[in-house]
$ cat structure_32.txt   # compact mmCIF, C-alpha atoms
# COMPACT_ATOMS: atom_id res chain seq x y z
CA MET R 1 0.66 5.18 20.75
CA THR R 2 2.98 2.61 19.28
CA ASP R 3 5.08 3.27 16.20
CA GLU R 4 2.53 1.32 14.11
CA ASP R 5 -0.23 3.69 15.24
CA HIS R 6 1.55 6.51 13.39
CA LEU R 7 1.55 4.68 10.05
CA TRP R 8 -1.18 5.00 7.42
CA TYR R 9 -3.29 2.34 5.73
CA TYR R 10 -5.65 2.15 2.75
CA ASN R 11 -8.87 0.14 3.14
CA VAL R 12 -9.65 -1.65 -0.14
CA GLU R 13 -13.27 -2.30 0.84
CA ASP R 14 -14.35 1.31 1.11
CA GLY R 15 -11.39 3.40 -0.09
CA THR R 16 -10.81 5.09 3.23
CA VAL R 17 -7.42 6.02 4.61
CA THR R 18 -6.78 5.61 8.31
CA GLN R 19 -3.93 6.11 10.69
CA GLY R 20 -3.30 2.90 12.59
CA LYS R 21 -4.58 -0.60 11.92
CA ALA R 22 -8.32 0.17 11.95
CA ALA R 23 -9.23 -2.30 9.21
CA SER R 24 -8.71 -6.05 9.04
CA SER R 25 -5.41 -7.21 7.59
CA MET R 26 -7.41 -8.80 4.75
CA THR R 27 -8.80 -5.43 3.62
CA ARG R 28 -5.96 -3.00 4.21
CA MET R 29 -2.88 -2.04 2.25
CA GLY R 30 0.13 -0.59 3.94
CA PRO R 31 1.69 0.61 6.02
CA TYR R 32 2.56 3.90 4.38
CA PRO R 33 4.62 6.67 6.00
CA ASP R 34 2.04 9.40 5.42
CA ARG R 35 -1.57 10.02 4.42
CA ALA R 36 -0.71 11.13 0.88
CA SER R 37 1.10 7.87 0.16
CA ALA R 38 -1.77 5.81 1.57
CA GLU R 39 -4.22 7.71 -0.63
CA LYS R 40 -2.18 6.59 -3.66
CA ALA R 41 -2.00 2.93 -2.52
CA LEU R 42 -3.67 1.51 -5.64
CA GLN R 43 -1.48 3.60 -7.95
CA ILE R 44 1.66 2.55 -6.06
CA ALA R 45 0.63 -1.11 -6.27
CA ALA R 46 -0.04 -0.83 -10.02
CA GLU R 47 3.38 0.76 -10.62
CA ARG R 48 5.10 -1.95 -8.59
CA ASN R 49 3.24 -4.66 -10.51
CA LYS R 50 4.32 -3.17 -13.85
CA ALA R 51 7.94 -3.03 -12.68
CA ALA R 52 7.78 -6.65 -11.51
CA ASP R 53 6.25 -7.73 -14.83
CA ARG R 54 9.06 -5.97 -16.74
CA ALA R 55 11.66 -7.67 -14.53
CA ASP R 56 10.03 -11.06 -15.19
CA GLU R 57 10.06 -10.42 -18.94
CA GLU R 58 13.75 -9.47 -18.83
CA TRP R 59 14.57 -12.54 -16.75
CA ASN R 60 12.75 -14.83 -19.19
CA SER R 61 14.40 -13.29 -22.28
$ encode --input "structure_32.txt" --output "structure tokens"
Amino acid sequence: MTDEDHLWYYNVEDGTVTQGKAASSMTRMGPYPDRASAEKALQIAAERNKAADRADEEWNS
């Protein structure tokens, strides 16, 4: 196994979490260091988007 095979990914098409690059790069989010993080992929992305939006607002002020 390569190092990438130990990382976790979230499949946006069906909501599954897999170890290794099982899904197409167009349908997967990651890599994540562990299964629990991959399971929260959508929540993590939403939090990052909110933080980026706040930074944009501060920059534009």
$ residues_near_point --input "structure_32.txt" --point "(1.8, 0.1, 7.9)" --cutoff "7 Å" --atoms "all atoms listed in the file" --output "list in words"
Glu4, Leu7, Trp8, Tyr9, Gly30, Pro31 and Tyr32 of chain R
$ atom_distance --input "structure_32.txt" --atom1 "atom CA of R:Thr18" --atom2 "atom CA of R:Ala36"
11.1 Å
$ atom_distance --input "structure_32.txt" --atom1 "atom CA of R:Ala38" --atom2 "atom CA of R:Asp5"
13.9 Å
$ residues_around --input "structure_32.txt" --residues "R:Asn11" --least-positions-apart "2" --cutoff "9 Å" --atoms "all atoms listed in the file" --output "list in words"
Tyr9, Glu13, Asp14, Gly15, Thr16, Val17, Thr18, Ala22, Ala23, Ser24, Thr27, Arg28 and Met29 of chain R
$ atom_distance --input "structure_32.txt" --atom1 "atom CA of R:Glu47" --atom2 "atom CA of R:Arg35"
18.3 Å
$ decode --input "structure_32.txt" --residues "stretch 6-42 of chain R" --atoms "N, CA, C and O atoms" --output "mmCIF file, in the first residue's frame"
data_model
loop_
_atom_site.group_PDB
_atom_site.id
_atom_site.type_symbol
_atom_site.label_atom_id
_atom_site.label_comp_id
_atom_site.auth_asym_id
_atom_site.auth_seq_id
_atom_site.Cartn_x
_atom_site.Cartn_y
_atom_site.Cartn_z
ATOM 1 N N HIS R 6 -3.721 4.861 2.561
ATOM 2 C CA HIS R 6 -4.091 4.920 3.975
ATOM 3 C C HIS R 6 -4.981 6.106 4.286
ATOM 4 O O HIS R 6 -5.505 6.204 5.396
ATOM 5 N N LEU R 7 -5.159 7.011 3.334
ATOM 6 C CA LEU R 7 -5.980 8.195 3.545
ATOM 7 C C LEU R 7 -7.439 7.883 3.229
ATOM 8 O O LEU R 7 -7.759 6.923 2.544
ATOM 9 N N TRP R 8 -8.335 8.737 3.730
ATOM 10 C CA TRP R 8 -9.764 8.523 3.613
ATOM 11 C C TRP R 8 -10.397 9.572 2.706
ATOM 12 O O TRP R 8 -9.955 10.720 2.660
ATOM 13 N N TYR R 9 -11.469 9.161 2.015
ATOM 14 C CA TYR R 9 -12.155 10.025 1.065
ATOM 15 C C TYR R 9 -13.669 9.914 1.234
ATOM 16 O O TYR R 9 -14.178 8.856 1.621
ATOM 17 N N TYR R 10 -14.358 11.005 0.921
ATOM 18 C CA TYR R 10 -15.819 11.042 0.966
ATOM 19 C C TYR R 10 -16.330 11.111 -0.460
ATOM 20 O O TYR R 10 -15.903 11.960 -1.237
ATOM 21 N N ASN R 11 -17.247 10.231 -0.828
ATOM 22 C CA ASN R 11 -17.826 10.196 -2.167
ATOM 23 C C ASN R 11 -19.103 11.025 -2.149
ATOM 24 O O ASN R 11 -20.077 10.669 -1.489
ATOM 25 N N VAL R 12 -19.121 12.132 -2.905
ATOM 26 C CA VAL R 12 -20.278 13.024 -2.896
ATOM 27 C C VAL R 12 -21.469 12.453 -3.646
ATOM 28 O O VAL R 12 -22.599 12.917 -3.452
ATOM 29 N N GLU R 13 -21.263 11.467 -4.497
ATOM 30 C CA GLU R 13 -22.382 10.866 -5.232
ATOM 31 C C GLU R 13 -23.264 10.003 -4.344
ATOM 32 O O GLU R 13 -24.485 10.048 -4.447
ATOM 33 N N ASP R 14 -22.648 9.230 -3.474
ATOM 34 C CA ASP R 14 -23.454 8.293 -2.686
ATOM 35 C C ASP R 14 -23.233 8.396 -1.174
ATOM 36 O O ASP R 14 -23.823 7.650 -0.406
ATOM 37 N N GLY R 15 -22.375 9.316 -0.742
ATOM 38 C CA GLY R 15 -22.168 9.538 0.683
ATOM 39 C C GLY R 15 -21.309 8.498 1.382
ATOM 40 O O GLY R 15 -21.228 8.496 2.606
ATOM 41 N N THR R 16 -20.662 7.641 0.611
ATOM 42 C CA THR R 16 -19.824 6.627 1.235
ATOM 43 C C THR R 16 -18.443 7.185 1.567
ATOM 44 O O THR R 16 -17.987 8.160 0.979
ATOM 45 N N VAL R 17 -17.805 6.536 2.513
ATOM 46 C CA VAL R 17 -16.448 6.875 2.922
ATOM 47 C C VAL R 17 -15.581 5.662 2.618
ATOM 48 O O VAL R 17 -15.932 4.540 2.973
ATOM 49 N N THR R 18 -14.471 5.907 1.939
ATOM 50 C CA THR R 18 -13.587 4.804 1.585
ATOM 51 C C THR R 18 -12.150 5.148 1.927
ATOM 52 O O THR R 18 -11.771 6.314 1.985
ATOM 53 N N GLN R 19 -11.384 4.129 2.136
ATOM 54 C CA GLN R 19 -9.954 4.298 2.349
ATOM 55 C C GLN R 19 -9.280 4.038 1.004
ATOM 56 O O GLN R 19 -9.504 3.002 0.378
ATOM 57 N N GLY R 20 -8.512 5.009 0.544
ATOM 58 C CA GLY R 20 -7.912 4.923 -0.781
ATOM 59 C C GLY R 20 -8.788 5.606 -1.807
ATOM 60 O O GLY R 20 -9.940 5.939 -1.545
ATOM 61 N N LYS R 21 -8.240 5.811 -2.984
ATOM 62 C CA LYS R 21 -8.928 6.549 -4.039
ATOM 63 C C LYS R 21 -9.863 5.636 -4.834
ATOM 64 O O LYS R 21 -9.638 5.366 -6.008
ATOM 65 N N ALA R 22 -10.939 5.179 -4.212
ATOM 66 C CA ALA R 22 -11.868 4.277 -4.894
ATOM 67 C C ALA R 22 -12.751 5.020 -5.888
ATOM 68 O O ALA R 22 -13.094 4.493 -6.928
ATOM 69 N N ALA R 23 -13.118 6.242 -5.592
ATOM 70 C CA ALA R 23 -14.013 7.010 -6.447
ATOM 71 C C ALA R 23 -13.221 7.921 -7.380
ATOM 72 O O ALA R 23 -12.060 8.236 -7.139
ATOM 73 N N SER R 24 -13.881 8.363 -8.419
ATOM 74 C CA SER R 24 -13.294 9.304 -9.368
ATOM 75 C C SER R 24 -12.935 10.606 -8.662
ATOM 76 O O SER R 24 -13.598 11.013 -7.698
ATOM 77 N N SER R 25 -11.935 11.292 -9.156
ATOM 78 C CA SER R 25 -11.531 12.564 -8.542
ATOM 79 C C SER R 25 -12.630 13.614 -8.656
ATOM 80 O O SER R 25 -12.642 14.580 -7.906
ATOM 81 N N MET R 26 -13.559 13.428 -9.566
ATOM 82 C CA MET R 26 -14.673 14.368 -9.735
ATOM 83 C C MET R 26 -15.754 14.170 -8.681
ATOM 84 O O MET R 26 -16.584 15.057 -8.478
ATOM 85 N N THR R 27 -15.764 13.039 -8.008
ATOM 86 C CA THR R 27 -16.836 12.744 -7.049
ATOM 87 C C THR R 27 -16.333 12.525 -5.635
ATOM 88 O O THR R 27 -17.117 12.149 -4.768
ATOM 89 N N ARG R 28 -15.059 12.739 -5.385
ATOM 90 C CA ARG R 28 -14.556 12.494 -4.033
ATOM 91 C C ARG R 28 -13.997 13.769 -3.418
ATOM 92 O O ARG R 28 -13.513 14.653 -4.100
ATOM 93 N N MET R 29 -14.110 13.831 -2.109
ATOM 94 C CA MET R 29 -13.530 14.910 -1.324
ATOM 95 C C MET R 29 -12.458 14.283 -0.447
ATOM 96 O O MET R 29 -12.617 13.200 0.078
ATOM 97 N N GLY R 30 -11.379 14.989 -0.280
ATOM 98 C CA GLY R 30 -10.308 14.474 0.545
ATOM 99 C C GLY R 30 -8.976 14.719 -0.097
ATOM 100 O O GLY R 30 -8.894 15.403 -1.109
ATOM 101 N N PRO R 31 -7.964 14.227 0.485
ATOM 102 C CA PRO R 31 -7.940 13.174 1.494
ATOM 103 C C PRO R 31 -8.110 13.715 2.911
ATOM 104 O O PRO R 31 -7.860 14.881 3.194
ATOM 105 N N TYR R 32 -8.537 12.817 3.771
ATOM 106 C CA TYR R 32 -8.671 13.075 5.195
ATOM 107 C C TYR R 32 -7.804 12.066 5.939
ATOM 108 O O TYR R 32 -7.605 10.952 5.468
ATOM 109 N N PRO R 33 -7.309 12.427 7.116
ATOM 110 C CA PRO R 33 -6.384 11.540 7.835
ATOM 111 C C PRO R 33 -7.042 10.312 8.451
ATOM 112 O O PRO R 33 -6.370 9.317 8.709
ATOM 113 N N ASP R 34 -8.368 10.395 8.678
ATOM 114 C CA ASP R 34 -9.041 9.270 9.322
ATOM 115 C C ASP R 34 -10.493 9.207 8.869
ATOM 116 O O ASP R 34 -11.015 10.132 8.248
ATOM 117 N N ARG R 35 -11.135 8.092 9.169
ATOM 118 C CA ARG R 35 -12.521 7.863 8.741
ATOM 119 C C ARG R 35 -13.477 8.912 9.317
ATOM 120 O O ARG R 35 -14.354 9.418 8.616
ATOM 121 N N ALA R 36 -13.308 9.243 10.582
ATOM 122 C CA ALA R 36 -14.212 10.204 11.228
ATOM 123 C C ALA R 36 -14.176 11.557 10.529
ATOM 124 O O ALA R 36 -15.224 12.195 10.343
ATOM 125 N N SER R 37 -13.009 11.998 10.135
ATOM 126 C CA SER R 37 -12.898 13.276 9.422
ATOM 127 C C SER R 37 -13.571 13.187 8.054
ATOM 128 O O SER R 37 -14.271 14.117 7.640
ATOM 129 N N ALA R 38 -13.369 12.088 7.350
ATOM 130 C CA ALA R 38 -13.984 11.915 6.035
ATOM 131 C C ALA R 38 -15.507 11.888 6.144
ATOM 132 O O ALA R 38 -16.202 12.419 5.279
ATOM 133 N N GLU R 39 -16.022 11.309 7.215
ATOM 134 C CA GLU R 39 -17.467 11.267 7.415
ATOM 135 C C GLU R 39 -18.048 12.666 7.616
ATOM 136 O O GLU R 39 -19.226 12.892 7.341
ATOM 137 N N LYS R 40 -17.237 13.601 8.084
ATOM 138 C CA LYS R 40 -17.676 14.981 8.303
ATOM 139 C C LYS R 40 -17.244 15.907 7.162
ATOM 140 O O LYS R 40 -17.215 17.116 7.326
ATOM 141 N N ALA R 41 -16.948 15.362 5.994
ATOM 142 C CA ALA R 41 -16.414 16.143 4.878
ATOM 143 C C ALA R 41 -17.299 17.333 4.518
ATOM 144 O O ALA R 41 -16.797 18.445 4.318
ATOM 145 N N LEU R 42 -18.607 17.126 4.435
ATOM 146 C CA LEU R 42 -19.496 18.222 4.052
ATOM 147 C C LEU R 42 -19.534 19.304 5.133
ATOM 148 O O LEU R 42 -19.558 20.497 4.820
#
